[in-house]
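Peer 1: Quick one: the structure is below, and I'll ask about it shortly.
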Amino acid sequence: MISLPSYRFRFLGEWLFLACCLVLAGGVVAWSLFEEHQAVDHREQLHLAAQAQVVEANIGRQLDALSRTLNNVIQNVPTWHKQNTVVVAGSLRLKAFADAMVGIRSFSIMDKHGVIRASSRTDLIGRGFADRPYFQTVLKQPDPSTLYVNAPFKTEQNIWLLTVARMIPGKDGHFDGLVIASLDPEEFRILLSSVNYSPDMMTGLAHGDGVHFMMMPERKHLVGTNLSQAEPLFNRYKQSGLSAMVMTGFSPALNEERMVALRTIRPAALNMDKALIVGVSRSTETLYSGWYSMVQVWGSVYAILALFSTVMLAIWQRRRQRETESAARAAAALREQNTKLAEANVQLEAQSAQLHALAFQDGLTGIANRRHFNERLQKEWRDCRRHQTHLTLLMIDIDHFKLFNDHYGHQAGDDCLKLVAKSLQERLWRAHDVVARYGGEEFVCLLPNCEPVHAKAKAEQLRMAIEALGIPHAASPVNGMVTISIGIATQVPGSNSYPEQLLSAADKALYAAKVAGRNRAVADENTNLDPQAIAD
């Protein structure tokens, strides 16, 4: 019968298992939502970057065509000067260019004093604009090869314009005026609006210096704003040094978080002094609205699943707990009745263990006694005979032990026997090796699967170990310390041999060791010892 604590532990395990399952399910849901968020993010980055590239390609082609037109006008200026027809012929040519080219508001030719000498708009002829930044920029840094893209400015008609100019070189190559084109804002509105594929999208155009020119849908309060000061995202882009970049962040100018693709408009064929920068952005709130809905759906499903599984597990455990408690009460009486029987069994087992120890353990030394040894000898003899392996028996006797007892007393003799038994046992490392007290001061070691060479080596280890104990033996004629003599017998048991023969051979070898002067190990004459192997 399973106890109540065991059931409570199992209940805890079930709660932990449910928690792990819910965590795993939550992890799968969270990972799926994360993957979907990444997919939406990546997909939208590609879309915004593509739209920014469309704007960049269109404006880039327009700037290239405009640059060629300005060069064409510059090439005709000397001819018009010679014919003294700058005002008439030049203005007609500029009017033709302005009418033919899409997105051009006006073309004008300015002399080196900033006075307009020819224009597609006759109302501008003769007016001076030397104070305008676009004139001062070319005047201070004249370069015939540069296409000057000037920062947006507000006209007298309260219209924000973007102008592009080229320097007119004189005969000596010095500054002799400029040809300037003002771009039509309406064409930019059409282009920027055309790439917006979602109501939350905004596409804007700014000068490379950071001055905002236009945004669609229109945000008139932002026109002319310096984005380098008002927009951290714009600053990050400028500082990156990249020609295109997609990023997400908070826009103070629009007061919301947006994903924006920024791209620099600077055609490779044109030597532009300043670039234009296009930005295409979306509101992250709208951008991820579908993903937020998915989070709500999956979150609700997960919450319902967690609540349902928690309630069902609690009900199921409550029912099992009632059944367990009922069974536990029924079993309590039976356990109480069995307690006395169990206590009696424990006492019997303890007595049995004591009897077994008395029967198979030497009471003084704690190692195996002679009876235990005899049983193991019979068993190992049979095993070695079946597998045809060597069985070694070491017969050990403490040298002149009677003299030790007479000299030091029986208590010292008992202590000596304990030390010798412990030392012998500690040096028999294999689990199936046996050391036993054979009687008096005699010990035996049974070493299954031990060949003669190894038997001799082991005997020497045991002899040196006892000698190393350094137990004083003043009455010993050997060397003044307790020593042992060992008889070695090794046989491969056969069908016509018996364990008693091994015992007899070891006893004879022990006798030979004593005759030879004691404190030595002597092998039975029938035990084959390879001197070279022993040396190894």
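The way I read the labels, and the way they are meant: chains A, B, ... in the order of the structure tokens, residue 1 as the first residue of every chain, and ligand 1 as the first ligand shown, with later ones counted on from there.
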As a PyMOL selection string, list the residues of segment 282-480 of chain A assigned to alpha helix (DSSP H) by DSSP on the backbone atoms of this structure.
Peer 2: chain A and resi 284-287+289-360+370-387+401-408+410-426+452-469
Peer 1: So which residues touch Thr392 of chain A within 9 Å, counting only C-alpha atoms, skipping near sequence neighbours fewer than 6 positions away, as a ChimeraX atom specification?
Peer 2: /A:445-452,455,488-492,502
Peer 1: Would you mind listing what lies within 12 Å of Leu307 of chain A as a ChimeraX atom specification, with only C-alpha atoms counted and same-chain residues fewer than 6 positions away left out?
Peer 2: /A:18-19,22,300-301,313-314
Peer 1: Based on the selection just made, write C-alpha atoms of those residues as an mmCIF file, in the first residue's frame.
Peer 2:
data_model
loop_
_atom_site.group_PDB
_atom_site.id
_atom_site.type_symbol
_atom_site.label_atom_id
_atom_site.label_comp_id
_atom_site.auth_asym_id
_atom_site.auth_seq_id
_atom_site.Cartn_x
_atom_site.Cartn_y
_atom_site.Cartn_z
ATOM 1 C CA LEU A 18 2.263 19.946 -15.680
ATOM 2 C CA ALA A 19 4.314 23.073 -15.030
ATOM 3 C CA LEU A 22 2.965 24.419 -19.726
ATOM 4 C CA SER A 300 -5.996 33.453 -24.757
ATOM 5 C CA VAL A 301 -5.718 29.866 -26.011
ATOM 6 C CA LEU A 313 -5.398 17.983 -12.376
ATOM 7 C CA ALA A 314 -6.586 19.435 -9.052
#
Peer 1: Quick one: everything within 12 Å of Lys171 of chain A, counting only C-alpha atoms, minus sequence neighbours fewer than 3 positions away in the same chain. Send it as a list in words.
Peer 2: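 In the requested form, the answer reads Val77, Pro78, Ile168, His174, Phe175 and Asp176 of chain A.
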Peer 1: So, counting only C-alpha atoms, which residue among A:Gly249, A:Pro199, A:Gly363, A:Gly224 is closest to Arg236 of chain A?
Peer 2: A:Gly249
Peer 1: Report the distance between atom CA of Arg370 of chain A and atom CA of Tyr438 of chain A in Å, rounded to one decimal place.
Peer 2: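 Taking atom CA of Arg370 of chain A as the start and atom CA of Tyr438 of chain A as the end point, the length is 5.0 Å.
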Peer 1: Using DSSP on the backbone coordinates, identify the residues of segment 174-399 of chain A assigned to strand (DSSP E or B); present them as a ChimeraX atom specification.
Peer 2: /A:175-183,202-207,211-216,226,244-251,256-265,272,276-283,361,368,391-398
Peer 1: Please produce an output containing C-alpha atoms for each residue in the selection, written as a PDB file, in the first residue's frame.
Peer 2:
ATOM      1  CA  PHE A 175      33.020  82.192 -62.179  1.00  0.00           C
ATOM      2  CA  ASP A 176      30.857  84.037 -64.696  1.00  0.00           C
ATOM      3  CA  GLY A 177      27.375  83.208 -63.401  1.00  0.00           C
ATOM      4  CA  LEU A 178      25.230  80.122 -63.101  1.00  0.00           C
ATOM      5  CA  VAL A 179      22.336  78.260 -64.661  1.00  0.00           C
ATOM      6  CA  ILE A 180      19.705  77.344 -62.088  1.00  0.00           C
ATOM      7  CA  ALA A 181      16.602  75.154 -62.181  1.00  0.00           C
ATOM      8  CA  SER A 182      13.875  75.197 -59.559  1.00  0.00           C
ATOM      9  CA  LEU A 183      12.042  71.892 -59.111  1.00  0.00           C
ATOM     10  CA  MET A 202       4.912  58.400 -44.842  1.00  0.00           C
ATOM     11  CA  THR A 203       7.496  59.195 -47.471  1.00  0.00           C
ATOM     12  CA  GLY A 204       9.685  62.250 -47.139  1.00  0.00           C
ATOM     13  CA  LEU A 205      12.528  64.012 -48.919  1.00  0.00           C
ATOM     14  CA  ALA A 206      15.266  66.038 -47.228  1.00  0.00           C
ATOM     15  CA  HIS A 207      18.406  67.869 -48.228  1.00  0.00           C
ATOM     16  CA  VAL A 211      16.612  70.468 -44.058  1.00  0.00           C
ATOM     17  CA  HIS A 212      13.258  68.785 -44.556  1.00  0.00           C
ATOM     18  CA  PHE A 213      11.654  69.520 -47.937  1.00  0.00           C
ATOM     19  CA  MET A 214       8.491  67.484 -48.272  1.00  0.00           C
ATOM     20  CA  MET A 215       6.504  64.598 -46.792  1.00  0.00           C
ATOM     21  CA  MET A 216       3.481  62.709 -48.110  1.00  0.00           C
ATOM     22  CA  ASN A 226      16.429  70.701 -39.583  1.00  0.00           C
ATOM     23  CA  ALA A 244      20.947  52.939 -47.338  1.00  0.00           C
ATOM     24  CA  MET A 245      19.651  51.788 -43.985  1.00  0.00           C
ATOM     25  CA  VAL A 246      16.484  50.476 -42.325  1.00  0.00           C
ATOM     26  CA  MET A 247      15.932  51.114 -38.605  1.00  0.00           C
ATOM     27  CA  THR A 248      13.215  51.315 -35.975  1.00  0.00           C
ATOM     28  CA  GLY A 249      12.909  53.971 -33.280  1.00  0.00           C
ATOM     29  CA  PHE A 250      10.893  56.807 -31.797  1.00  0.00           C
ATOM     30  CA  SER A 251      10.332  59.843 -34.013  1.00  0.00           C
ATOM     31  CA  GLU A 256       5.427  57.777 -32.435  1.00  0.00           C
ATOM     32  CA  GLU A 257       7.662  54.804 -33.025  1.00  0.00           C
ATOM     33  CA  ARG A 258       8.273  54.065 -36.697  1.00  0.00           C
ATOM     34  CA  MET A 259      10.235  51.757 -38.937  1.00  0.00           C
ATOM     35  CA  VAL A 260      12.009  53.869 -41.551  1.00  0.00           C
ATOM     36  CA  ALA A 261      14.076  53.079 -44.654  1.00  0.00           C
ATOM     37  CA  LEU A 262      16.504  55.900 -45.483  1.00  0.00           C
ATOM     38  CA  ARG A 263      18.407  56.128 -48.746  1.00  0.00           C
ATOM     39  CA  THR A 264      20.861  58.665 -50.131  1.00  0.00           C
ATOM     40  CA  ILE A 265      20.188  60.019 -53.636  1.00  0.00           C
ATOM     41  CA  MET A 272      26.886  66.587 -56.525  1.00  0.00           C
ATOM     42  CA  LEU A 276      19.187  64.276 -51.211  1.00  0.00           C
ATOM     43  CA  ILE A 277      17.869  61.764 -48.689  1.00  0.00           C
ATOM     44  CA  VAL A 278      14.562  59.927 -49.052  1.00  0.00           C
ATOM     45  CA  GLY A 279      12.823  58.315 -46.077  1.00  0.00           C
ATOM     46  CA  VAL A 280       9.967  55.800 -46.275  1.00  0.00           C
ATOM     47  CA  SER A 281       8.412  54.830 -42.936  1.00  0.00           C
ATOM     48  CA  ARG A 282       5.540  53.008 -41.270  1.00  0.00           C
ATOM     49  CA  SER A 283       4.005  53.181 -37.806  1.00  0.00           C
ATOM     50  CA  GLN A 361      33.904 -15.239  11.324  1.00  0.00           C
ATOM     51  CA  ALA A 368      36.931 -15.487   8.003  1.00  0.00           C
ATOM     52  CA  LEU A 391      44.046 -22.011  -7.660  1.00  0.00           C
ATOM     53  CA  THR A 392      46.680 -20.801  -5.206  1.00  0.00           C
ATOM     54  CA  LEU A 393      46.750 -21.403  -1.453  1.00  0.00           C
ATOM     55  CA  LEU A 394      49.134 -19.592   0.894  1.00  0.00           C
ATOM     56  CA  MET A 395      49.686 -21.241   4.291  1.00  0.00           C
ATOM     57  CA  ILE A 396      51.018 -18.595   6.726  1.00  0.00           C
ATOM     58  CA  ASP A 397      52.520 -18.992  10.167  1.00  0.00           C
ATOM     59  CA  ILE A 398      53.778 -16.282  12.540  1.00  0.00           C
TER      60      ILE A 398
END
Peer 1: Given the choices A:Asp273, A:Glu14, A:Asp399, A:Glu285, which gets closest to Thr146 of chain A if the distance is worked out from only C-alpha atoms?
Peer 2: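 Among A:Asp273, A:Glu14, A:Asp399, A:Glu285, it is A:Asp273 that comes nearest to Thr146 of chain A.
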Peer 1: To one decimal place in Å, what is the distance between atom CA of Leu428 of chain A and atom CA of Lys508 of chain A?
Peer 2: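 For atom CA of Leu428 of chain A relative to atom CA of Lys508 of chain A, the distance reads 23.1 Å.
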